[in-house]
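Taking it in order: structure first as structure tokens, then the write-up.
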Amino acid sequence: MFLNSDYSKRFCQGDCAVVAGLSGVELAQRVIWEKTFDKELPQPVFSLDRSPEYWLGFFMAFYQWYSDLTFAQITENITITEILHMYQKYHEMDVMHFVIDMEQMREEKASRRTARLQEYRKLSGLSQRELAARSEVPLRTIQQYEQRQKNINHARTDYVLRLSNVLCCRPEDLLEQNVDDESVEER
């Protein structure tokens with residue numbers, strides 16, 4: 001529910017009213033109100049205990065800030081349930097251990113995933129040859145992007161713009177989220 005809320009977007013943008021102005025319980029209530037319009041929620045119970053859900057929220061917020069990804073991008077390859085299962089291993093460790101392992105997990109899962117360009121091309125019902133003809137991007141280049149032999153994140157801007165116009169998506173939708181030139185340790 002949070003991932004699809006306006007509060008998720010505001011949190012990612014660093015809106016201080018959301019990031020620092022609300023407790024976790026208050027944020028959860030506002031998300032529920034936004035999505036269900038149910039104003040009759042029970043009074044919040046504040047606890048000093050650090051539950052697995054509290055840990056999840058804290059570590060996800062840190063990882064979102066550190067990686068500069070949206071929550072939707074983070075959970076694109078790793079589900080909230082998978083992250084919650086990491087609680088036993090990481091809840092007493094420094095948050096950077098979690099960050100390093102999240103980066104590795106995202107890269108591993110992304111490498112097994114279909115390239116975003118290929119996903120959008122198939123959704124549009126186009127063959128590689130048709131996409132090449134309509135976008136005026138060389139067929140071989142499209143094949144290399146889809147096979148990840150070339151990094152689309154380093155593509156010519158005009159190629160990405162032409163491809164996104166033909167596929168009716170935003171240029172950034174075609175970029176691979178897990179391809180980094182620098183490792184987490186170098187930051």
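Starting from 1 in every chain, residues are counted up; chains themselves are A, B, ... following the order of the structure tokens, and ligands are numbered from 1 as listed.
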
| message | I want to know what sits within 8 Å of segment 78-81 of chain A, based on only C-alpha atoms, with residues of the same chain fewer than 2 positions away left out; could you give that as a ChimeraX atom specification? | response | /A:74-76,83-85,105-106,109

Take the residues that were just selected and, keeping C-alpha atoms, output them as a PDB file, in the first residue's frame.
ATOM      1  CA  ILE A  74      14.072  -1.339  -4.884  1.00  0.00           C
ATOM      2  CA  THR A  75      11.231  -3.843  -4.729  1.00  0.00           C
ATOM      3  CA  GLU A  76      11.293  -4.493  -8.466  1.00  0.00           C
ATOM      4  CA  ILE A  83      13.762  -8.201   2.800  1.00  0.00           C
ATOM      5  CA  LEU A  84      11.806  -8.923   5.982  1.00  0.00           C
ATOM      6  CA  HIS A  85      13.337 -12.420   6.029  1.00  0.00           C
ATOM      7  CA  MET A 105      21.035  -9.370  -4.522  1.00  0.00           C
ATOM      8  CA  ARG A 106      19.609  -6.731  -6.847  1.00  0.00           C
ATOM      9  CA  LYS A 109      18.372 -10.914  -9.778  1.00  0.00           C
TER      10      LYS A 109
END

| With only C-alpha atoms as the atoms that count, which of A:Asp15, A:Glu146, A:Gln43, A:Phe37 lies nearest to Ser111 of chain A? |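 Looking only at the distances to Ser111 of chain A, the closest residue turns out to be A:Glu146.
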
| All residues 12 Å or closer to segment 132-141 of chain A, only C-alpha atoms, same chain fewer than 6 positions away omitted, as a list in words |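 Result of the neighbour search: Leu117, Arg121, Leu126, Gln147, Arg148, Gln149, Lys150, Asn151, Ile152, Ala155, Arg156, Thr157, Asp158, Tyr159, Val160, Leu161, Arg162, Leu163, Ser164, Asn165, Val166, Leu167 and Cys168 of chain A.
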
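One finds atom CA of Ser8 of chain A at 8.9 Å from atom CA of Val31 of chain A.
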
| query | Any idea what's packed within 12 Å of segment 52-66 of chain A, counting only C-alpha atoms, ignoring anything in its chain fewer than 6 positions away? Could you give it as a PyMOL selection string? | reply | chain A and resi 2-3+8-9+11-14+18-20+23-25+27-28+46+72-75+78-103+184+187

| So which residues touch Ser5 of chain A within 10 Å, counting only C-alpha atoms, skipping near sequence neighbours fewer than 4 positions away, as a VMD selection string? | chain A and resid 1 9 to 10 30 to 32 34 to 35

Given the selection you just returned, output its residues as a file containing C-alpha atoms, formatted as a JSON list (two decimals), in the first residue's frame.
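Saved to part20.json:
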[["chain", "number", "residue", "atom", "x", "y", "z"],
["A", 1, "MET", "CA", 0.00, 0.00, 0.00],
["A", 9, "LYS", "CA", 6.93, 9.52, -3.60],
["A", 10, "ARG", "CA", 7.18, 12.34, -1.06],
["A", 30, "ARG", "CA", -1.96, 8.55, 6.63],
["A", 31, "VAL", "CA", -1.23, 5.96, 3.94],
["A", 32, "ILE", "CA", -4.27, 3.94, 5.05],
["A", 34, "GLU", "CA", -5.19, 8.01, 1.58],
["A", 35, "LYS", "CA", -5.92, 4.59, 0.15]]

| said: Quick check for you: according to DSSP on this backbone, which residues of segment 19-167 of chain A are classed as helix (DSSP H, G or I)? Reply as number ranges by chain. | reply: A: 19, 24-36, 52-67, 71-74, 80-84, 87-90, 95-112, 116-123, 128-135, 139-146, 152-154, 157-167
